[in-house]
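Worksheet: the structure to be examined is printed underneath.
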Amino acid sequence: MLSTAINSSITNYRWGTPFPTDFFDVQESLNTNTVHLNQESQGLVSNINFPFEWEGHSSEFSFHVPILRNQVIWGMGQSTGSMNKKGGFFRSYNTDESSHTQEKPSLYSSHNQLIFPGDKPWMLFLDMACGIQWDIGFTNPERLSITVEHPSLNLYLIQENDMPSLMKQYFQLVGEPYVPPYWGMGFHQCRHGYMDSQDIRDVVSKIEAMDCPLDAVYLDIDYMDNFKNFTFHPKRFTDIQELVTSLKEKDIHVVPIIDAGVKAEAGYPVFEEGMQHGFFCKKVQDEKPFIGVVWPGHCVFPDFLNPEAQKWFASWYQALTKMGIDGTWNDMNEPALFFTPEVLQEALETVSSLDGDEIDSYAFLDFQKKFASLGGNPKSYKSFYHQTESGPVCHHDVHNLYGAKMLQAASQGMFDALENQRPLVFGRSTLIGVHKHAGMWLGDNSSWWQHLLENLQMITNVNFAGFLFSGADLGGFRQDCESELLMRWYQLGIFSPLFRNHNTRTARSQEPYQFDKKTQKTLRELTRIRYSLIPHLFSEYLQAVRSHQPLFRPLGYKYNDRLSLENQDQVLWGDSLMLAPVYSPGISGRSIYFPEDMLLLTFDLEDWSPEHLHCQRMTHGHHYVDFGLNQLAFALQKNQMFALVPPKNRTQEISTETLVLWGYMGTQCHYQFREERTDRLDWKEAISGFDITVSSTDGQIHVQTSRIGESKVSQLMLNLMTDDGLIHKTVKLS
């Protein structure tokens with residue numbers, strides 16, 4: 001076992017030869033992010049004892065950690081279940097799993113991170129691409145067992161004095177999260193089933209007829225010619241260039257999907273080029289291109305672990321950017337497999353062997369299992385390899401890296417083609433490290449109330465992993481969404497950086513105009529509140545990136561009392577807000593735990609404006625709070641502020657010349673506002689804003705401000721809740 005003291009907080013343990021993910025270089029990360037290194041411990045390498053019980057074998061590595069029965073454990077990023085992972089069993093093995101039910105050990109992404117909050121919080125982070133099993137007190141409630149499905153280990157143990165310091169060490173190690181373009185924070189509409197350019201125009205027209213904000217409309221796989229990447233259907237999308245241009249003139253962006261599988265078709269340029277240069281994954285058995293079946297039929301798969309192949313695929317994004325497209329999303333990049341010819345043949349032979357026989361129940365179940373396991377079959381993933389810089393490697397051993405490397409190619413391709421402009425890029429299958437290059441969405445969720453709660457819990461753990469730009473499909477992707485559920489999902493989704501309504505063609509359409517007039521009005525007003533909040537949301541996003549913190553945080557992140565640590569349905573958002581969404585049908589409010597005195601703010605959707613909110617001081621403890629379908633409620637922490645602006649129908653139209661600030665005064669309120677509206681790659685050089693400090697002395701309010709960069713903010717309208725009531729004050733910024 002090789003141990004390296006990175007600094008006084010981080011120790012790296014390595015055993016065997018773990019495959020490098022290549023998303024960050026430890027020394028480069030530390031130097032770039034100016035971690036304060038302990039000179040006495042920096043870089044010391046030794047064979048000291050591993051702090052946990054461990055076992056190394058020819059095919060795997062296991063280690064075991066003693067834990068308390070009531071230990072709260074966060075992490076695992078995109079995984080089913082509650083925010084607290086204690087008692088769960090998970091497997092890091094990226095899986096095209098469309099049914100997100102509690103017993104599923106794997107979803108689309110692998111985020112190999114566990115966080116142990118408390119007086120001295122600590123973290124385990126495994127920078128590995130192979131499968132990993134996590135028994136988090138499932139077998140033994142006082143024992144965490146981690147089994148790496150490869151004879152190697154690359155573990156970082158991080159220890160600090162508080163949660164913000166712990167996360168700062170982590171982000172300085174793995175790198176800062178991706179920052180989207182400003183329009184990426186707007187409302188986005190998508191559906192698997194927009195069949196032609198007229199469908200897209202109709203969607204935009206109907207949303208505009210509602211006077212509802214909109215910044216992007218998406219193209220799912222239906223836009224392609226026979227599901228071939230970087231193509232448009234020659235009959236249904238003949239006017240794609242005019243469509244993109246006309247919508248761009250209205251500040252609406254078109255965002256097409258790109259999948260991993262490349263159709264194996266003679267004459268198709270992407271296939272022909274990849275074959276010519278040997279850029280597709282090859283079978284172990286005979287060196288021929290690996291064939292898997294997904295949407296286009298028989299497909300080959302780009303070898304994204306081959307740097308030259310990755311660079312080649314990235315260059316194809318110019319086919320989109322030259323049309324004026326500045327956003328894309330990756331799907332099916334686990335890579336998903338419906339089946340391979342080999343496993344299908346094996347299943348068919350099983351059926352054939354039963355021909356003429358009386359099939360008993362066990363034979364039937366075996367036959368059923370054969371066909372149910374065609375998709376993503378382990379035999380398929382073990383049958384092909386990658387050509388990497390360190391030589392050939394079996395796909396199965398680096399499976400979790402594939403989607404991240406594809407997403408990195410998409411990001412690089414878009415960045416290169418757009419030169420000094422930030423594109424919108426996110427995907428489904430990810431690994432820690434690619435958070436620096438792109439965001440993610442939470443996959444094919446369902447229109448279930450349980451998934452609304454799971455949205456809150458999953459996005460919080462995904463934030464810990466580093467994917468700040470994330471969000472779930474509003475209303476759910478699968479099943480039929482009814483109006484109450486969709487309205488409640490919007491109430492939570494307002495605070496997700498990715499705010500997108502998306503569902504499948506086999507379910508009821510759920511665009512906001514598909515519902516009754518009352519529901520339409522509610523969805524419109526909630527979207528308008530989102531646009532009123534966007535300057536604040538984006539400011540908090542930028543500052544979370546710069547300060548190396550997540551946006552969504554469990555209550556126990558700041559408050560160390562037992563009720564906060566065990567809370568599963570409330571979160572802190574940024575430095576100022578607390579969210580407590582309603583996630584059950586047929587109720588008009590809920591009990592909320594306030595870990596300290598806070599200010600409850602409620603928007604009445606029938607009559608609201610940035611200057612007109614209902615405020616109520618809430619004391620520490622549990623309170624029942626009215627939170628109807630025609631309301632939006634959240635809490636403001638003491639000595640904090642947040643900003644609102646008049647809503648517009650495009651992010652491009654939002655003005656920050658006048659900001660309405662709401663604050664809850666204790667002794668002193670401090671607020672930092674930052675914005676970057678140019679969408680430049682070097683956004684830190686273009687950032688602007690202001691700082692404001694408001695204090696109270698002998699009943700007098702004192703305000704200090706300072707301008708940052710070339711900020712356009714000229715006036716602040718303060719609404720401050722104090723012990724004497726609500727105070728209004730206008731401040732001019734010089």
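Naming scheme: A, B, ... for chains in displayed order of the structure tokens; residues 1 onward per chain; ligands 1 onward as shown.
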
So that I can see what lies close to Met123 of chain A, please list as a ChimeraX atom specification the residues with an atom at most 6 Å from it, counting only C-alpha atoms and leaving out residues fewer than 4 positions away in the same chain. /A:114-115,157-158

Give me every strand (DSSP E) residue in segment 391-595 of chain A, going by DSSP on the backbone, as a PyMOL selection string. chain A and resi 391-394+424-427+439-441+470-471+499-501+552-554+571-573+577-579+589-594

Serialized selection, N, CA, C and O atoms, as a tab-separated table (two decimals), in the first residue's frame:
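See part-v3.tsv below for the written result:
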chain	number	residue	atom	x	y	z
A	391	GLY	N	-1.97	1.48	-23.49
A	391	GLY	CA	-2.17	0.17	-24.10
A	391	GLY	C	-3.63	-0.24	-24.08
A	391	GLY	O	-4.50	0.48	-23.58
A	392	PRO	N	-3.94	-1.42	-24.63
A	392	PRO	CA	-5.33	-1.89	-24.68
A	392	PRO	C	-5.86	-2.22	-23.29
A	392	PRO	O	-5.14	-2.72	-22.43
A	393	VAL	N	-7.14	-1.93	-23.06
A	393	VAL	CA	-7.76	-2.22	-21.78
A	393	VAL	C	-9.19	-2.68	-22.04
A	393	VAL	O	-9.90	-2.14	-22.89
A	394	CYS	N	-9.63	-3.70	-21.33
A	394	CYS	CA	-10.99	-4.24	-21.46
A	394	CYS	C	-12.00	-3.18	-21.01
A	394	CYS	O	-11.84	-2.55	-19.94
A	424	LEU	N	-23.78	25.42	-23.83
A	424	LEU	CA	-24.53	24.59	-22.89
A	424	LEU	C	-24.21	23.14	-23.21
A	424	LEU	O	-24.43	22.68	-24.34
A	425	VAL	N	-23.68	22.39	-22.24
A	425	VAL	CA	-23.33	20.99	-22.45
A	425	VAL	C	-23.67	20.22	-21.18
A	425	VAL	O	-23.22	20.58	-20.09
A	426	PHE	N	-24.46	19.17	-21.33
A	426	PHE	CA	-24.70	18.27	-20.20
A	426	PHE	C	-25.03	16.88	-20.73
A	426	PHE	O	-25.30	16.70	-21.92
A	427	GLY	N	-24.95	15.89	-19.85
A	427	GLY	CA	-25.17	14.52	-20.29
A	427	GLY	C	-25.80	13.68	-19.20
A	427	GLY	O	-26.09	14.15	-18.11
A	439	GLY	N	-22.45	19.71	-17.33
A	439	GLY	CA	-23.42	19.40	-16.29
A	439	GLY	C	-24.05	18.04	-16.54
A	439	GLY	O	-23.59	17.26	-17.37
A	440	MET	N	-25.12	17.75	-15.82
A	440	MET	CA	-25.82	16.48	-16.00
A	440	MET	C	-27.29	16.67	-15.66
A	440	MET	O	-27.67	17.56	-14.90
A	441	TRP	N	-28.13	15.83	-16.27
A	441	TRP	CA	-29.50	15.75	-15.78
A	441	TRP	C	-29.68	14.39	-15.16
A	441	TRP	O	-28.85	13.50	-15.33
A	470	SER	N	-27.24	20.95	-12.78
A	470	SER	CA	-27.97	19.69	-12.81
A	470	SER	C	-29.44	19.97	-12.59
A	470	SER	O	-29.84	21.05	-12.16
A	471	GLY	N	-30.26	18.97	-12.87
A	471	GLY	CA	-31.69	19.10	-12.66
A	471	GLY	C	-32.39	17.85	-13.13
A	471	GLY	O	-31.87	17.09	-13.94
A	499	PHE	N	-33.50	23.92	-15.57
A	499	PHE	CA	-34.94	24.06	-15.35
A	499	PHE	C	-35.63	23.65	-16.64
A	499	PHE	O	-35.95	24.48	-17.49
A	500	ARG	N	-35.86	22.34	-16.80
A	500	ARG	CA	-36.32	21.79	-18.07
A	500	ARG	C	-37.50	20.84	-17.90
A	500	ARG	O	-37.45	19.91	-17.09
A	501	ASN	N	-38.56	21.08	-18.66
A	501	ASN	CA	-39.71	20.20	-18.74
A	501	ASN	C	-39.45	19.21	-19.88
A	501	ASN	O	-39.24	19.61	-21.02
A	552	PHE	N	-26.82	23.08	-3.42
A	552	PHE	CA	-27.77	22.37	-2.56
A	552	PHE	C	-26.99	21.73	-1.42
A	552	PHE	O	-26.02	21.01	-1.65
A	553	ARG	N	-27.45	21.97	-0.19
A	553	ARG	CA	-26.74	21.47	0.99
A	553	ARG	C	-27.74	20.94	2.01
A	553	ARG	O	-28.75	21.60	2.28
A	554	PRO	N	-27.49	19.78	2.59
A	554	PRO	CA	-28.37	19.31	3.68
A	554	PRO	C	-28.35	20.30	4.84
A	554	PRO	O	-27.38	21.07	5.00
A	571	VAL	N	-33.51	21.52	2.39
A	571	VAL	CA	-32.11	21.79	2.07
A	571	VAL	C	-31.83	23.28	2.21
A	571	VAL	O	-32.73	24.12	2.12
A	572	LEU	N	-30.57	23.57	2.43
A	572	LEU	CA	-30.08	24.94	2.30
A	572	LEU	C	-29.69	25.14	0.84
A	572	LEU	O	-29.18	24.23	0.20
A	573	TRP	N	-29.97	26.34	0.32
A	573	TRP	CA	-29.62	26.64	-1.07
A	573	TRP	C	-28.71	27.87	-1.08
A	573	TRP	O	-29.13	28.96	-0.70
A	577	LEU	N	-30.64	30.80	1.48
A	577	LEU	CA	-32.01	30.31	1.46
A	577	LEU	C	-32.14	28.91	2.06
A	577	LEU	O	-31.17	28.15	2.12
A	578	MET	N	-33.35	28.58	2.50
A	578	MET	CA	-33.70	27.22	2.90
A	578	MET	C	-34.97	26.83	2.15
A	578	MET	O	-35.95	27.58	2.13
A	579	LEU	N	-34.95	25.65	1.53
A	579	LEU	CA	-36.08	25.15	0.75
A	579	LEU	C	-36.74	23.99	1.49
A	579	LEU	O	-36.05	23.13	2.04
A	589	GLY	N	-50.07	22.55	2.74
A	589	GLY	CA	-48.98	23.06	3.57
A	589	GLY	C	-48.17	21.91	4.11
A	589	GLY	O	-48.40	20.74	3.77
A	590	ARG	N	-47.21	22.21	4.99
A	590	ARG	CA	-46.38	21.17	5.56
A	590	ARG	C	-45.69	21.68	6.82
A	590	ARG	O	-45.60	22.89	7.07
A	591	SER	N	-45.19	20.75	7.61
A	591	SER	CA	-44.39	21.09	8.77
A	591	SER	C	-42.95	21.32	8.32
A	591	SER	O	-42.40	20.53	7.56
A	592	ILE	N	-42.38	22.41	8.78
A	592	ILE	CA	-41.00	22.76	8.43
A	592	ILE	C	-40.20	22.94	9.70
A	592	ILE	O	-40.66	23.57	10.66
A	593	TYR	N	-39.00	22.39	9.70
A	593	TYR	CA	-38.09	22.58	10.82
A	593	TYR	C	-37.17	23.76	10.53
A	593	TYR	O	-36.49	23.79	9.50
A	594	PHE	N	-37.16	24.73	11.44
A	594	PHE	CA	-36.28	25.89	11.33
A	594	PHE	C	-35.14	25.71	12.33
A	594	PHE	O	-35.37	25.81	13.55

DSSP-assigned helix (DSSP H, G or I) among segment 362-450 of chain A, expressed as a PyMOL selection string: chain A and resi 362-372+378-381+395-418+434-436+449-450

Nearby residues (only C-alpha atoms) at most 7 Å from Phe301 of chain A, same-chain spacing under 2 positions excluded, as number ranges by chain: A: 260-262, 280-281, 299, 303

Mind dumping the selected residues with N, CA, C and O atoms as an mmCIF file, in the first residue's frame?
data_model
loop_
_atom_site.group_PDB
_atom_site.id
_atom_site.type_symbol
_atom_site.label_atom_id
_atom_site.label_comp_id
_atom_site.auth_asym_id
_atom_site.auth_seq_id
_atom_site.Cartn_x
_atom_site.Cartn_y
_atom_site.Cartn_z
ATOM 1 N N ALA A 260 -24.330 7.931 -28.113
ATOM 2 C CA ALA A 260 -23.012 7.292 -28.216
ATOM 3 C C ALA A 260 -22.885 6.397 -29.446
ATOM 4 O O ALA A 260 -21.842 6.370 -30.108
ATOM 5 N N GLY A 261 -23.937 5.659 -29.773
ATOM 6 C CA GLY A 261 -23.859 4.702 -30.871
ATOM 7 C C GLY A 261 -23.842 5.376 -32.234
ATOM 8 O O GLY A 261 -24.650 6.260 -32.513
ATOM 9 N N VAL A 262 -22.925 4.956 -33.096
ATOM 10 C CA VAL A 262 -22.812 5.457 -34.473
ATOM 11 C C VAL A 262 -23.319 4.369 -35.415
ATOM 12 O O VAL A 262 -22.799 3.242 -35.405
ATOM 13 N N PHE A 280 -13.108 3.211 -33.648
ATOM 14 C CA PHE A 280 -14.198 2.557 -32.930
ATOM 15 C C PHE A 280 -13.652 1.422 -32.058
ATOM 16 O O PHE A 280 -12.603 0.842 -32.343
ATOM 17 N N CYS A 281 -14.383 1.138 -30.981
ATOM 18 C CA CYS A 281 -13.986 0.059 -30.079
ATOM 19 C C CYS A 281 -13.974 -1.271 -30.835
ATOM 20 O O CYS A 281 -14.814 -1.518 -31.709
ATOM 21 N N CYS A 299 -24.799 -0.678 -34.401
ATOM 22 C CA CYS A 299 -23.953 0.499 -34.183
ATOM 23 C C CYS A 299 -22.534 0.098 -33.808
ATOM 24 O O CYS A 299 -22.303 -0.966 -33.226
ATOM 25 N N ASP A 303 -14.180 5.121 -29.657
ATOM 26 C CA ASP A 303 -13.289 4.767 -28.557
ATOM 27 C C ASP A 303 -12.846 6.054 -27.868
ATOM 28 O O ASP A 303 -11.769 6.576 -28.135
#

I'd like the neighbourhood of segment 326-333 of chain A as an MDAnalysis selection string, where a residue qualifies if any of its atoms comes within 7 Å (using only C-alpha atoms), though same-chain residues fewer than 3 positions away should be ignored. chainID A and resid 255:260 321 336 403 407 423:429

12 Å contact set for Leu537 of chain A, only C-alpha atoms, chain neighbours under 4 positions out, as a VMD selection string: chain A and resid 182 184 to 186 468 to 469 494 to 499 529 to 533 541 to 544 551 to 552 573 to 577 642 to 645 673 to 675

Restricted to N, CA, C and O atoms, what would the selected residues look like written as a short mmCIF file (atom, residue, chain, number, x, y, z; two decimals), in the first residue's frame?
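Writing the result to again04.cif gives the following:
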data_model
loop_
_atom_site.label_atom_id
_atom_site.label_comp_id
_atom_site.auth_asym_id
_atom_site.auth_seq_id
_atom_site.Cartn_x
_atom_site.Cartn_y
_atom_site.Cartn_z
N TYR A 182 -25.44 32.10 -19.62
CA TYR A 182 -26.52 32.71 -18.84
C TYR A 182 -27.87 32.16 -19.27
O TYR A 182 -28.74 31.90 -18.44
N GLY A 184 -28.58 29.32 -20.17
CA GLY A 184 -28.76 27.98 -19.65
C GLY A 184 -29.57 27.95 -18.36
O GLY A 184 -30.07 26.89 -17.96
N MET A 185 -29.72 29.12 -17.70
CA MET A 185 -30.50 29.20 -16.47
C MET A 185 -31.98 29.47 -16.74
O MET A 185 -32.78 29.51 -15.81
N GLY A 186 -32.35 29.65 -18.01
CA GLY A 186 -33.73 29.94 -18.35
C GLY A 186 -34.59 28.69 -18.38
O GLY A 186 -34.15 27.58 -18.05
N LEU A 468 -22.84 20.97 -10.22
CA LEU A 468 -23.72 22.05 -9.81
C LEU A 468 -24.79 22.31 -10.86
O LEU A 468 -25.94 22.58 -10.53
N PHE A 469 -24.39 22.24 -12.15
CA PHE A 469 -25.40 22.43 -13.20
C PHE A 469 -26.09 21.09 -13.42
O PHE A 469 -25.60 20.20 -14.12
N ILE A 494 -37.67 25.49 -9.72
CA ILE A 494 -37.25 26.89 -9.81
C ILE A 494 -35.81 27.08 -9.34
O ILE A 494 -35.08 27.92 -9.86
N PHE A 495 -35.38 26.26 -8.39
CA PHE A 495 -34.06 26.44 -7.79
C PHE A 495 -33.00 25.52 -8.41
O PHE A 495 -31.83 25.58 -8.00
N SER A 496 -33.38 24.67 -9.35
CA SER A 496 -32.40 23.82 -10.04
C SER A 496 -31.76 24.62 -11.16
O SER A 496 -32.49 25.22 -11.97
N PRO A 497 -30.45 24.64 -11.27
CA PRO A 497 -29.83 25.36 -12.39
C PRO A 497 -30.39 24.94 -13.74
O PRO A 497 -30.65 25.78 -14.61
N LEU A 498 -30.58 23.63 -13.95
CA LEU A 498 -31.22 23.14 -15.16
C LEU A 498 -32.72 23.05 -14.89
O LEU A 498 -33.19 22.22 -14.12
N PHE A 499 -33.50 23.92 -15.57
CA PHE A 499 -34.94 24.06 -15.35
C PHE A 499 -35.63 23.65 -16.64
O PHE A 499 -35.95 24.48 -17.49
N ILE A 529 -41.43 33.76 -11.75
CA ILE A 529 -40.66 33.91 -10.51
C ILE A 529 -39.24 33.40 -10.72
O ILE A 529 -38.27 34.01 -10.24
N ARG A 530 -39.11 32.29 -11.45
CA ARG A 530 -37.77 31.78 -11.77
C ARG A 530 -36.95 32.88 -12.46
O ARG A 530 -35.79 33.12 -12.11
N TYR A 531 -37.55 33.56 -13.44
CA TYR A 531 -36.81 34.59 -14.17
C TYR A 531 -36.55 35.81 -13.30
O TYR A 531 -35.54 36.51 -13.49
N SER A 532 -37.42 36.07 -12.33
CA SER A 532 -37.17 37.15 -11.38
C SER A 532 -35.99 36.82 -10.47
O SER A 532 -35.25 37.72 -10.03
N LEU A 533 -35.79 35.53 -10.23
CA LEU A 533 -34.70 35.07 -9.35
C LEU A 533 -33.39 34.81 -10.08
O LEU A 533 -32.35 34.67 -9.44
N TYR A 541 -24.55 30.77 -8.00
CA TYR A 541 -23.85 29.71 -8.73
C TYR A 541 -22.38 30.08 -8.92
O TYR A 541 -21.47 29.29 -8.63
N LEU A 542 -22.12 31.29 -9.43
CA LEU A 542 -20.75 31.73 -9.67
C LEU A 542 -19.94 31.74 -8.38
O LEU A 542 -18.77 31.32 -8.35
N GLN A 543 -20.56 32.18 -7.31
CA GLN A 543 -19.83 32.27 -6.04
C GLN A 543 -19.61 30.90 -5.42
O GLN A 543 -18.61 30.68 -4.73
N ALA A 544 -20.54 29.97 -5.64
CA ALA A 544 -20.32 28.60 -5.17
C ALA A 544 -19.12 27.99 -5.88
O ALA A 544 -18.29 27.31 -5.26
N LEU A 551 -24.23 24.03 -4.19
CA LEU A 551 -25.39 24.92 -4.10
C LEU A 551 -26.44 24.32 -3.17
O LEU A 551 -26.92 24.98 -2.25
N PHE A 552 -26.82 23.08 -3.42
CA PHE A 552 -27.77 22.37 -2.56
C PHE A 552 -26.99 21.73 -1.42
O PHE A 552 -26.02 21.01 -1.65
N TRP A 573 -29.97 26.34 0.32
CA TRP A 573 -29.62 26.64 -1.07
C TRP A 573 -28.71 27.87 -1.08
O TRP A 573 -29.13 28.96 -0.70
N GLY A 574 -27.46 27.64 -1.50
CA GLY A 574 -26.49 28.73 -1.46
C GLY A 574 -26.25 29.16 -0.02
O GLY A 574 -26.43 28.38 0.94
N ASP A 575 -25.86 30.40 0.14
CA ASP A 575 -25.53 30.90 1.48
C ASP A 575 -26.72 31.48 2.22
O ASP A 575 -26.60 31.81 3.40
N SER A 576 -27.87 31.64 1.54
CA SER A 576 -28.92 32.45 2.15
C SER A 576 -30.26 31.76 2.33
O SER A 576 -31.00 32.10 3.25
N LEU A 577 -30.64 30.80 1.48
CA LEU A 577 -32.01 30.31 1.46
C LEU A 577 -32.14 28.91 2.06
O LEU A 577 -31.17 28.15 2.12
N PHE A 642 -31.25 38.36 -0.45
CA PHE A 642 -31.30 37.83 -1.80
C PHE A 642 -31.96 38.87 -2.70
O PHE A 642 -32.59 39.83 -2.22
N ALA A 643 -31.80 38.68 -4.02
CA ALA A 643 -32.22 39.71 -4.98
C ALA A 643 -33.32 39.21 -5.89
O ALA A 643 -33.38 38.03 -6.25
N LEU A 644 -34.19 40.14 -6.30
CA LEU A 644 -35.22 39.91 -7.30
C LEU A 644 -35.18 41.04 -8.33
O LEU A 644 -34.73 42.15 -8.02
N VAL A 645 -35.65 40.74 -9.53
CA VAL A 645 -35.78 41.75 -10.58
C VAL A 645 -37.13 41.55 -11.26
O VAL A 645 -37.74 40.48 -11.13
N PHE A 673 -23.22 40.32 -4.76
CA PHE A 673 -23.90 40.03 -6.01
C PHE A 673 -22.87 40.02 -7.13
O PHE A 673 -22.07 40.94 -7.27
N ARG A 674 -22.90 38.93 -7.92
CA ARG A 674 -21.97 38.80 -9.03
C ARG A 674 -22.74 38.38 -10.29
O ARG A 674 -23.69 37.60 -10.21
N GLU A 675 -22.34 38.91 -11.41
CA GLU A 675 -22.94 38.49 -12.68
C GLU A 675 -21.89 38.47 -13.78
O GLU A 675 -20.84 39.13 -13.68
#

Just to confirm, what's the straight-line distance from atom CA of Asp239 of chain A to atom CA of Arg650 of chain A in Å (one decimal)? 24.1 Å

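The residue that comes closest to Phe477 of chain A, out of A:Asp119, A:Glu511, A:Asp597, A:Asp22 and on the basis of only C-alpha atoms, is A:Glu511.
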
In Å, with one decimal, what is the gap from atom CA of Asp682 of chain A to atom CA of Pro181 of chain A? 11.8 Å

Selected residue of minimal separation from Phe19 of chain A among A:His192, A:His396, A:Arg422, A:His64, counting only C-alpha atoms: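 Using only C-alpha atoms, the shortest distance to Phe19 of chain A belongs to A:His396.
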
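Atom CA of Phe313 of chain A is found 19.9 Å from atom CA of Gln421 of chain A.
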
Given the choices A:Glu103, A:Asp220, A:Asp162, A:Glu176, which gets closest to Val434 of chain A if the distance is worked out from only C-alpha atoms?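 Nearest to Val434 of chain A: A:Glu176.
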
Quick one: of A:Gly621, A:Pro151, A:Pro535, A:Gly292, who's nearest to Gln672 of chain A, counting only C-alpha atoms? A:Pro535

Determine, counting only C-alpha atoms, which protein, DNA and RNA residues have an atom within 10 Å of an atom of Trp183 of chain A; residues of the same chain fewer than 2 positions away are not included. Present the result as an MDAnalysis selection string. chainID A and resid 180:181 185:188 214:216 251:253 423:424 534 650:652 677 679
